[in-house]
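Below is model.cif, which holds mmCIF, C-alpha atoms.
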data_target
loop_
_atom_site.label_atom_id
_atom_site.label_comp_id
_atom_site.auth_asym_id
_atom_site.auth_seq_id
_atom_site.Cartn_x
_atom_site.Cartn_y
_atom_site.Cartn_z
CA MET A 1 157.69 104.48 138.25
CA LYS A 2 161.32 104.96 137.29
CA THR A 3 163.32 107.02 139.79
CA VAL A 4 166.42 109.07 138.95
CA TYR A 5 168.39 110.91 141.61
CA LEU A 6 170.16 113.96 140.16
CA ASP A 7 170.78 115.98 143.33
CA TYR A 8 174.14 114.63 144.46
CA ALA A 9 175.32 118.20 145.10
CA ALA A 10 172.68 118.47 147.85
CA THR A 11 173.57 115.14 149.43
CA THR A 12 174.77 111.70 148.41
CA PRO A 13 173.49 108.29 149.45
CA VAL A 14 175.76 106.63 151.99
CA ASP A 15 177.90 104.04 150.24
CA PRO A 16 177.12 100.51 151.55
CA ARG A 17 180.83 100.03 152.36
CA VAL A 18 180.68 103.15 154.54
CA VAL A 19 177.63 101.79 156.35
CA SER A 20 179.49 98.53 157.05
CA ALA A 21 182.45 100.41 158.51
CA MET A 22 180.17 102.46 160.78
CA LEU A 23 177.88 99.74 162.12
CA PRO A 24 180.12 98.38 164.91
CA TYR A 25 180.40 101.87 166.45
CA PHE A 26 176.67 102.08 167.08
CA SER A 27 176.21 98.95 169.18
CA ARG A 28 179.46 97.07 169.93
CA LYS A 29 182.18 99.72 170.03
CA TYR A 30 180.08 102.46 171.57
CA GLY A 31 182.49 104.05 174.05
CA ASN A 32 183.02 107.78 174.56
CA SER A 33 186.41 108.66 173.08
CA MET A 34 187.24 110.82 176.12
CA SER A 35 186.75 107.97 178.62
CA LEU A 36 189.82 106.27 180.12
CA HIS A 37 188.45 102.73 180.25
CA SER A 38 188.87 100.19 177.45
CA PHE A 39 185.58 101.08 175.76
CA GLY A 40 186.62 104.72 175.57
CA GLN A 41 190.13 103.94 174.40
CA GLU A 42 188.78 101.73 171.61
CA ALA A 43 186.65 104.63 170.43
CA TYR A 44 189.61 107.01 170.76
CA ARG A 45 191.81 104.79 168.60
CA ALA A 46 189.09 104.65 165.93
CA LEU A 47 188.75 108.45 166.07
CA GLU A 48 192.47 109.09 165.66
CA LYS A 49 192.85 106.46 162.94
CA SER A 50 190.06 108.22 161.05
CA ARG A 51 191.71 111.58 161.63
CA GLN A 52 194.93 110.25 160.12
CA THR A 53 193.03 108.88 157.11
CA VAL A 54 191.40 112.26 156.43
CA ALA A 55 194.70 114.07 157.00
CA ASP A 56 196.52 111.78 154.57
CA PHE A 57 193.77 112.30 151.99
CA ILE A 58 194.66 116.00 151.69
CA GLY A 59 198.34 115.94 152.67
CA ALA A 60 197.78 117.46 156.12
CA HIS A 61 199.26 116.75 159.55
CA LEU A 62 197.11 114.80 162.01
CA GLU A 63 196.69 117.73 164.40
CA GLU A 64 195.55 120.02 161.58
CA ILE A 65 192.23 118.16 161.20
CA ILE A 66 189.27 119.27 163.33
CA PHE A 67 186.05 117.27 163.10
CA THR A 68 182.77 119.20 163.27
CA SER A 69 179.10 118.50 162.62
CA SER A 70 179.02 120.02 159.12
CA ALA A 71 180.73 122.29 156.63
CA THR A 72 178.37 125.03 157.80
CA GLU A 73 179.74 124.71 161.32
CA SER A 74 183.29 124.61 159.99
CA ASN A 75 182.76 127.77 157.95
CA ASN A 76 181.19 129.58 160.90
CA LEU A 77 184.10 128.46 163.06
CA VAL A 78 186.55 129.90 160.53
CA MET A 79 184.92 133.29 160.15
CA LYS A 80 183.91 133.91 163.76
CA GLY A 81 186.86 132.08 165.31
CA LEU A 82 189.39 134.15 163.36
CA ALA A 83 187.49 137.37 164.07
CA SER A 84 187.56 136.62 167.79
CA VAL A 85 191.34 136.17 167.82
CA TYR A 86 192.52 138.80 165.35
CA GLY A 87 189.59 141.22 165.14
CA ARG A 88 191.10 144.06 167.14
CA LYS A 89 194.01 144.43 164.73
CA LYS A 90 192.50 142.98 161.55
CA ASN A 91 188.88 143.90 160.91
CA HIS A 92 188.48 143.49 157.15
CA ILE A 93 187.10 140.35 155.47
CA ILE A 94 187.05 139.53 151.75
CA ILE A 95 184.71 136.96 150.21
CA SER A 96 183.30 136.38 146.74
CA LYS A 97 179.72 137.13 145.76
CA ILE A 98 179.10 133.44 145.01
CA GLU A 99 179.96 131.95 148.39
CA HIS A 100 177.72 129.39 150.00
CA ASP A 101 175.18 131.00 152.32
CA CYS A 102 177.00 129.85 155.45
CA VAL A 103 180.10 131.88 154.50
CA LEU A 104 178.08 134.78 153.11
CA GLU A 105 175.86 135.09 156.16
CA SER A 106 178.75 134.60 158.62
CA ALA A 107 180.65 137.43 156.93
CA ARG A 108 177.59 139.66 156.89
CA TYR A 109 177.00 138.92 160.56
CA LEU A 110 180.55 140.09 161.30
CA LYS A 111 179.86 143.20 159.24
CA SER A 112 176.93 143.91 161.55
CA GLN A 113 179.41 143.68 164.43
CA GLY A 114 181.68 146.37 162.97
CA PHE A 115 183.90 144.47 160.54
CA ALA A 116 184.52 145.80 157.04
CA LEU A 117 183.41 143.44 154.28
CA THR A 118 184.35 143.30 150.61
CA GLU A 119 182.39 141.01 148.28
CA LEU A 120 184.38 140.33 145.11
CA SER A 121 182.54 140.31 141.80
CA VAL A 122 182.86 137.37 139.40
CA ASP A 123 182.75 137.09 135.61
CA LYS A 124 179.96 135.44 133.62
CA GLU A 125 181.39 131.98 134.36
CA GLY A 126 181.81 132.65 138.07
CA PHE A 127 185.55 133.28 138.29
CA VAL A 128 187.09 135.77 140.72
CA ASN A 129 189.29 138.49 139.25
CA LEU A 130 192.76 138.30 140.80
CA GLN A 131 193.47 141.96 140.11
CA GLU A 132 190.31 142.98 141.97
CA LEU A 133 191.33 140.72 144.84
CA GLU A 134 194.76 142.30 145.04
CA ARG A 135 193.30 145.82 144.96
CA SER A 136 190.87 144.91 147.74
CA ILE A 137 193.48 143.74 150.24
CA THR A 138 194.46 146.32 152.84
CA ASP A 139 196.63 146.34 155.97
CA ALA A 140 193.48 145.54 157.93
CA THR A 141 192.52 142.45 155.91
CA LEU A 142 192.22 139.38 158.12
CA VAL A 143 191.04 136.63 155.78
CA VAL A 144 190.04 135.98 152.19
CA SER A 145 187.41 133.26 151.73
CA VAL A 146 186.66 132.00 148.21
CA ILE A 147 184.73 128.81 147.51
CA HIS A 148 186.73 126.13 145.68
CA GLY A 149 183.99 124.41 143.64
CA ASN A 150 180.75 126.36 143.48
CA ASN A 151 177.73 124.41 144.69
CA GLU A 152 175.34 125.89 142.12
CA ILE A 153 177.24 126.43 138.86
CA GLY A 154 180.24 124.14 139.37
CA THR A 155 182.96 126.75 138.82
CA ILE A 156 186.34 125.55 140.13
CA GLN A 157 188.38 128.55 141.25
CA ASP A 158 192.16 128.72 140.83
CA VAL A 159 192.80 128.47 144.56
CA ALA A 160 196.54 128.18 144.02
CA ALA A 161 196.61 131.60 142.35
CA ILE A 162 194.25 133.13 144.92
CA GLY A 163 196.30 131.67 147.75
CA ALA A 164 199.51 133.04 146.24
CA VAL A 165 198.06 136.56 146.23
CA CYS A 166 197.02 136.18 149.86
CA LYS A 167 200.41 134.80 150.84
CA ASN A 168 202.21 137.70 149.16
CA HIS A 169 200.15 140.09 151.28
CA HIS A 170 200.43 138.03 154.49
CA VAL A 171 196.66 137.48 154.58
CA LEU A 172 194.98 134.23 155.66
CA PHE A 173 193.19 132.27 152.93
CA HIS A 174 190.21 130.00 153.50
CA THR A 175 188.34 127.91 150.94
CA ASP A 176 185.10 126.00 151.26
CA ALA A 177 185.89 122.74 149.45
CA SER A 178 182.64 120.95 150.26
CA GLN A 179 181.79 120.30 146.61
CA SER A 180 185.32 119.71 145.27
CA PHE A 181 186.54 117.48 148.12
CA GLY A 182 186.77 113.92 146.81
CA LYS A 183 186.29 115.00 143.20
CA VAL A 184 189.58 116.77 142.49
CA PRO A 185 192.97 116.21 144.14
CA ILE A 186 193.67 118.54 147.09
CA ASP A 187 197.14 118.64 148.65
CA VAL A 188 197.44 121.27 151.37
CA SER A 189 201.16 120.53 151.77
CA SER A 190 201.73 122.45 148.53
CA LEU A 191 198.50 124.42 148.11
CA PRO A 192 198.69 127.92 149.70
CA VAL A 193 195.52 127.43 151.78
CA ASP A 194 195.45 128.16 155.51
CA LEU A 195 191.97 126.84 156.26
CA LEU A 196 189.78 124.43 154.30
CA THR A 197 186.38 122.94 154.99
CA ALA A 198 184.68 119.78 153.75
CA SER A 199 181.62 117.66 154.43
CA SER A 200 181.08 113.92 154.76
CA HIS A 201 177.64 113.71 153.17
CA LYS A 202 178.88 115.14 149.86
CA ILE A 203 181.21 112.14 149.35
CA TYR A 204 178.92 109.18 150.19
CA GLY A 205 179.53 109.43 153.93
CA PRO A 206 176.93 110.11 156.64
CA LYS A 207 175.27 113.43 157.37
CA GLY A 208 176.27 115.22 160.56
CA VAL A 209 180.05 115.16 160.06
CA GLY A 210 182.27 117.92 158.71
CA MET A 211 185.93 118.80 158.75
CA LEU A 212 188.09 121.88 159.14
CA TYR A 213 191.71 121.86 158.05
CA LEU A 214 193.59 124.41 160.18
CA ARG A 215 197.19 124.97 159.14
CA ARG A 216 199.81 124.86 161.90
CA GLY A 217 200.31 128.30 163.43
CA VAL A 218 196.84 129.64 162.59
CA ILE A 219 194.85 130.37 165.74
CA ILE A 220 191.07 130.38 166.09
CA ASP A 221 188.77 130.67 169.09
CA PRO A 222 186.17 127.90 169.45
CA LEU A 223 182.46 128.43 168.96
CA LEU A 224 181.68 125.61 171.40
CA HIS A 225 183.27 125.53 174.86
CA GLY A 226 183.25 122.49 177.10
CA GLY A 227 185.46 119.46 177.52
CA GLY A 228 188.25 120.54 175.18
CA HIS A 229 187.65 118.07 172.36
CA GLU A 230 189.34 118.47 168.97
CA TRP A 231 192.49 120.15 170.32
CA GLY A 232 190.29 122.55 172.28
CA LYS A 233 188.77 123.95 169.08
CA ARG A 234 185.41 122.17 169.12
CA SER A 235 184.04 120.77 172.37
CA SER A 236 181.32 118.13 172.06
CA THR A 237 181.21 114.36 172.41
CA SER A 238 182.79 112.99 169.25
CA ASN A 239 180.50 111.38 166.69
CA VAL A 240 182.77 108.35 166.40
CA ALA A 241 180.53 106.31 164.10
CA GLY A 242 180.04 109.27 161.76
CA ILE A 243 183.73 110.13 161.71
CA VAL A 244 184.65 106.51 160.95
CA GLY A 245 182.19 106.69 158.06
CA PHE A 246 183.70 109.97 156.83
CA ALA A 247 187.17 108.43 156.82
CA LYS A 248 185.95 105.34 154.97
CA ALA A 249 184.30 107.61 152.38
CA CYS A 250 187.64 109.39 151.91
CA GLU A 251 189.38 106.04 151.35
CA LEU A 252 186.86 105.08 148.70
CA CYS A 253 187.15 108.45 146.95
CA GLU A 254 190.92 108.17 146.85
CA ASN A 255 190.70 104.75 145.19
CA VAL A 256 188.29 105.80 142.44
CA MET A 257 188.85 109.54 142.03
CA LYS A 258 190.49 109.40 138.60
CA THR A 259 188.11 106.91 137.04
CA GLU A 260 185.06 108.48 138.65
CA HIS A 261 186.08 111.94 137.46
CA LYS A 262 186.26 110.66 133.88
CA ARG A 263 182.94 108.83 134.10
CA LEU A 264 181.06 111.67 135.80
CA SER A 265 182.46 114.25 133.39
CA ALA A 266 181.17 112.17 130.48
CA LEU A 267 177.70 111.91 132.07
CA ARG A 268 177.72 115.63 132.86
CA ASP A 269 178.54 116.51 129.25
CA MET A 270 176.02 114.00 127.92
CA LEU A 271 173.29 115.62 129.99
CA THR A 272 174.39 119.16 129.13
CA ASP A 273 174.69 118.59 125.39
CA GLY A 274 171.47 116.58 125.28
CA ILE A 275 169.51 119.43 126.84
CA LEU A 276 171.12 122.25 124.85
CA LYS A 277 170.69 120.43 121.53
CA SER A 278 167.15 119.12 122.02
CA ILE A 279 165.51 122.03 123.88
CA LYS A 280 165.51 125.53 122.41
CA GLY A 281 165.95 128.57 124.63
CA THR A 282 168.43 126.96 127.01
CA HIS A 283 171.73 128.24 128.35
CA LEU A 284 174.49 126.61 130.41
CA ASN A 285 175.44 128.56 133.53
CA GLY A 286 179.10 128.34 134.49
CA PRO A 287 182.13 127.11 132.55
CA ARG A 288 182.67 124.01 130.49
CA GLY A 289 185.39 121.38 130.77
CA ALA A 290 188.09 120.98 133.39
CA LYS A 291 187.22 124.21 135.20
CA ARG A 292 183.80 122.81 136.14
CA LEU A 293 182.97 120.22 138.78
CA SER A 294 182.67 116.83 137.11
CA ASN A 295 179.13 116.24 138.36
CA ASN A 296 177.49 119.67 137.96
CA VAL A 297 174.98 120.84 135.33
CA ASN A 298 173.11 124.16 135.67
CA ILE A 299 170.80 125.20 132.83
CA SER A 300 168.53 128.22 132.36
CA PHE A 301 165.27 127.56 130.51
CA SER A 302 163.57 130.55 128.90
CA ALA A 303 159.89 131.06 129.82
CA VAL A 304 159.95 128.29 132.43
CA GLU A 305 159.75 128.69 136.21
CA GLY A 306 162.40 126.58 137.92
CA GLU A 307 160.31 125.38 140.86
CA SER A 308 157.56 124.23 138.48
CA LEU A 309 160.14 122.31 136.47
CA VAL A 310 161.47 120.64 139.64
CA LEU A 311 157.94 119.52 140.56
CA GLU A 312 157.19 118.33 137.03
CA LEU A 313 160.36 116.26 136.99
CA ASP A 314 159.62 114.90 140.45
CA PHE A 315 156.23 113.74 139.17
CA ASN A 316 158.21 111.66 136.65
CA GLY A 317 160.57 110.28 139.30
CA ILE A 318 163.50 112.66 138.70
CA ALA A 319 165.05 114.55 141.62
CA ALA A 320 166.72 117.85 140.70
CA SER A 321 167.08 121.29 142.29
CA THR A 322 166.81 124.97 141.48
CA GLY A 323 170.02 125.76 143.37
CA SER A 324 171.56 125.23 146.78
CA ALA A 325 169.55 122.75 148.83
CA CYS A 326 170.21 124.90 151.90
CA SER A 327 168.08 127.71 150.46
CA SER A 328 165.78 125.86 148.06
CA LYS A 329 162.65 127.16 149.80
CA ASN A 330 163.80 130.77 149.45
CA LEU A 331 161.76 132.59 146.80
CA GLN A 332 164.53 135.10 146.10
CA PRO A 333 166.59 134.49 142.93
CA SER A 334 169.91 132.73 143.44
CA HIS A 335 172.62 135.18 144.49
CA VAL A 336 175.09 133.06 142.52
CA LEU A 337 173.14 133.34 139.26
CA THR A 338 172.55 137.06 139.63
CA ALA A 339 176.25 137.54 140.41
CA ILE A 340 177.19 136.04 137.02
CA GLY A 341 174.80 138.42 135.28
CA LEU A 342 171.51 136.56 134.94
CA THR A 343 168.29 138.54 135.20
CA HIS A 344 165.86 137.62 137.95
CA VAL A 345 163.63 135.95 135.36
CA ASP A 346 166.45 133.82 133.95
CA ALA A 347 167.69 132.97 137.44
CA HIS A 348 164.22 131.78 138.42
CA GLY A 349 164.14 129.62 135.29
CA SER A 350 167.29 127.69 136.14
CA LEU A 351 167.72 124.06 137.10
CA ARG A 352 170.67 122.36 138.82
CA MET A 353 171.26 118.68 138.16
CA SER A 354 174.16 116.79 139.67
CA VAL A 355 175.24 113.27 138.78
CA GLY A 356 177.02 110.82 141.04
CA ARG A 357 178.49 107.42 141.74
CA PHE A 358 175.29 105.53 141.00
CA THR A 359 174.08 107.52 137.97
CA THR A 360 173.77 105.60 134.68
CA LYS A 361 173.62 106.58 131.00
CA LYS A 362 170.07 105.24 130.77
CA GLU A 363 169.05 107.60 133.55
CA ILE A 364 170.56 110.53 131.66
CA GLU A 365 168.70 109.54 128.48
CA TYR A 366 165.44 109.27 130.43
CA THR A 367 166.03 112.66 132.07
CA ILE A 368 166.59 114.40 128.74
CA ARG A 369 163.34 112.92 127.37
CA MET A 370 161.34 113.91 130.43
CA LEU A 371 162.87 117.39 130.50
CA LYS A 372 161.90 117.98 126.89
CA GLN A 373 158.32 117.01 127.68
CA ALA A 374 158.20 119.03 130.89
CA VAL A 375 159.59 122.19 129.33
CA SER A 376 157.16 121.96 126.41
CA LYS A 377 154.23 121.50 128.78
CA LEU A 378 155.23 124.39 131.02
CA ARG A 379 155.94 126.74 128.14
CA ASN A 380 152.48 126.09 126.70
CA ILE A 381 150.95 127.52 129.89
CA SER A 382 153.66 130.08 130.66
CA PRO A 383 152.66 133.76 130.93
CA LEU A 384 156.13 134.56 129.53
CA HIS A 385 154.96 133.33 126.10
CA TYR A 386 158.05 131.55 124.81
CA SER A 387 158.23 131.28 121.01
#
Rendering of file as structure tokens:
Amino acid sequence: MKTVYLDYAATTPVDPRVVSAMLPYFSRKYGNSMSLHSFGQEAYRALEKSRQTVADFIGAHLEEIIFTSSATESNNLVMKGLASVYGRKKNHIIISKIEHDCVLESARYLKSQGFALTELSVDKEGFVNLQELERSITDATLVVSVIHGNNEIGTIQDVAAIGAVCKNHHVLFHTDASQSFGKVPIDVSSLPVDLLTASSHKIYGPKGVGMLYLRRGVIIDPLLHGGGHEWGKRSSTSNVAGIVGFAKACELCENVMKTEHKRLSALRDMLTDGILKSIKGTHLNGPRGAKRLSNNVNISFSAVEGESLVLELDFNGIAASTGSACSSKNLQPSHVLTAIGLTHVDAHGSLRMSVGRFTTKKEIEYTIRMLKQAVSKLRNISPLHYS
């Protein structure tokens, strides 16, 4: 049976060149980077070389990069670490309604601890309103956190404009760049962002490695206390092999970013247009063109249940998703889709497909054919009676 992987937004396969870079650090160069002997120092040099590679990739200083286990950990570290330091004087947090669950739930946890929380609305394409943001900022506002590229509908926020508003009001600005990192250029030397998170496994690196960019002068308390790793911000034995792989993945992204953006955008549009033109009762969620992640397609299908469509496609060898992989087993409608105005029924009838480095045109053509068949089959038995 033909297999087509269209869930790159959930995770990517590890690039073979990344695997090759990592292999020595499992069995031959296995030292603890905190040890003083030669094995440890070899690991330490690999760690710091990788840190420099990641820093250079986004225009940061070496000491501004903190390695973590995931973007989820990085985002928790941002929200709770800032609250711990500044919470007595600044107890107001602003996020958007379409944040990833790890930001949303961290902010709501802090709300349960006495912090004030504002959740900014978005328009039908998922964009934050800058005027609403400006009106929401108060003297007590500690941080604004707005996702860069949305993981469900692909919306790329104008983080430069959002950051400028925050800077004018002397408020910290954080963005979760897990989906945009490696797909669009990010230069924190000019971008008004104080904290930024990213994840290795979204860019063909290994799972279990994340990154937090922490601008010089911004202070956070650690979530993990121990041996003082990562400038004292994240104690835990360093995952040297994983970090080496993350850095190699960054190198590869830098080399192919422009050409890959063009190729993925063409595949994205081919898939989108093929579905909208060949299947009636379909609607694209999120924007078109340059303001959308190059690999993201999110379509609502009238009178079709999204989970059933995922299973039907899987039966034909196609891997897709109904939304964020982190909450794919949650029966509640996507908070992102309801935030942009979809009804619960339409939100439940939505499918996210994401292309990647190894996707081909033939796979897109096959997917469109199988989708057409699957939707027709499901509509014939749907209690929603599509006509």
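In this model, the gap between atom CA of A:Tyr86 and atom CA of A:Glu63 comes to 21.5 Å.
For the choices A:Leu23, A:Ala161, A:Leu104, A:Val188, the atom-to-atom distance to A:Gly59 is smallest for A:Val188 when using only C-alpha atoms.
The nearest approach to A:Val19 among the residues A:Ala198, A:Leu351, A:Ala249, A:Leu214, with all atoms listed in the file taken into account, belongs to A:Ala249.
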Open item on the list: I'd like to know which of A:Gly228, A:Gly245, A:Pro287, A:Gly163 is closest to A:Ile203, using all atoms listed in the file.
Closed with: A:Gly245
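Between A:Gly149 and the candidates A:Leu342, A:Ile299, A:Val85, A:Leu293, the tightest atom-to-atom separation, counting all atoms listed in the file, involves A:Leu293.
Distances to A:Ile243 were evaluated for A:Leu191, A:Val209, A:Ala60, A:Leu224 using all atoms listed in the file, and the minimum falls at A:Val209.
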Task: Given all atoms listed in the file as the counted atoms, nearest of A:Arg51, A:Lys262, A:His229, A:His335 to A:Asn32 - done: A:His229
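We find atom CA of A:Ser321 and atom CA of A:Ser354 to be spaced 8.8 Å apart.
Rounded to one decimal, atom CA of A:Ser190 and atom CA of A:Ile156 lie 17.8 Å from each other.
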Open item on the list: Given the PyMOL selection byres ((chain A and resi 182) around 10) and the file above, list the residues it selects as a PyMOL selection string.
Closed with: chain A and resi 57-58+177-181+183-186+198-200+202-204+249-254+256-257+260-261
TODO: Quick one: apply the PyMOL selection byres ((chain A and resi 241) around 10) to the file and drop the selected residues here as a list of chain:residue names.
DONE: A:Val19, A:Ala21, A:Met22, A:Leu23, A:Pro24, A:Tyr25, A:Phe26, A:Ser27, A:Lys29, A:Tyr30, A:Ala43, A:Ala46, A:Leu47, A:Pro206, A:Val209, A:Ser238, A:Asn239, A:Val240, A:Gly242, A:Ile243, A:Val244, A:Gly245, A:Phe246
Applying 10 Å and all atoms listed in the file, which residues near A:Asp273 remain after dropping the ones on its own chain fewer than 6 positions away? List them as an mmCIF file with C-alpha atoms, in the frame of the given file.
data_model
loop_
_atom_site.group_PDB
_atom_site.id
_atom_site.type_symbol
_atom_site.label_atom_id
_atom_site.label_comp_id
_atom_site.auth_asym_id
_atom_site.auth_seq_id
_atom_site.Cartn_x
_atom_site.Cartn_y
_atom_site.Cartn_z
ATOM 1 C CA LEU A 267 177.700 111.910 132.070
ATOM 2 C CA ILE A 279 165.510 122.030 123.880
ATOM 3 C CA LEU A 284 174.490 126.610 130.410
ATOM 4 C CA ILE A 368 166.590 114.400 128.740
#
Task: Residues matched by the PyMOL selection byres ((chain A and resi 374-385) around 7) as a list in words - done: Ala303, Val304, Leu309, Glu312, Met370, Leu371, Lys372, Gln373, Tyr386 and Ser387 of chain A
Report as a CSV table (one decimal) with C-alpha atoms, in the frame of the given file all protein, DNA and RNA residues lying within 10 Å of A:Pro333, evaluated on all atoms listed in the file, omitting residues in the same chain fewer than 3 positions from it.
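The resulting file, around.csv, is shown below:
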chain,number,residue,atom,x,y,z
A,322,THR,CA,166.8,125.0,141.5
A,323,GLY,CA,170.0,125.8,143.4
A,330,ASN,CA,163.8,130.8,149.4
A,336,VAL,CA,175.1,133.1,142.5
A,337,LEU,CA,173.1,133.3,139.3
A,338,THR,CA,172.6,137.1,139.6
A,342,LEU,CA,171.5,136.6,134.9
A,343,THR,CA,168.3,138.5,135.2
A,344,HIS,CA,165.9,137.6,138.0
A,345,VAL,CA,163.6,136.0,135.4
A,346,ASP,CA,166.4,133.8,134.0
A,347,ALA,CA,167.7,133.0,137.4
A,348,HIS,CA,164.2,131.8,138.4
A,349,GLY,CA,164.1,129.6,135.3
A,350,SER,CA,167.3,127.7,136.1
Listed atoms of stretch 204-217 of chain A boxed along x, y and z, 8 Å each side, centre and edge lengths in Å, one decimal, as JSON:
{"center_x": 187.8, "center_y": 118.7, "center_z": 156.8, "size_x": 41.0, "size_y": 35.1, "size_z": 29.2}
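Residue neighbourhood of stretch 98-102 of chain A, excluding near-sequence residues (fewer than 6 positions): A:Ala71, A:Thr72, A:Glu73, A:Asn75, A:Asn76, A:Glu119, A:Leu120, A:Ser121, A:Val122, A:Gly126, A:Ser145, A:Val146, A:Ile147, A:Asn150, A:Asn151, A:Glu152, A:Asp176, A:Ser324, A:Cys326, A:Ser327, A:His335, A:Val336, A:Leu337, A:Ala339, A:Ile340, at 9 Å, using all atoms listed in the file.
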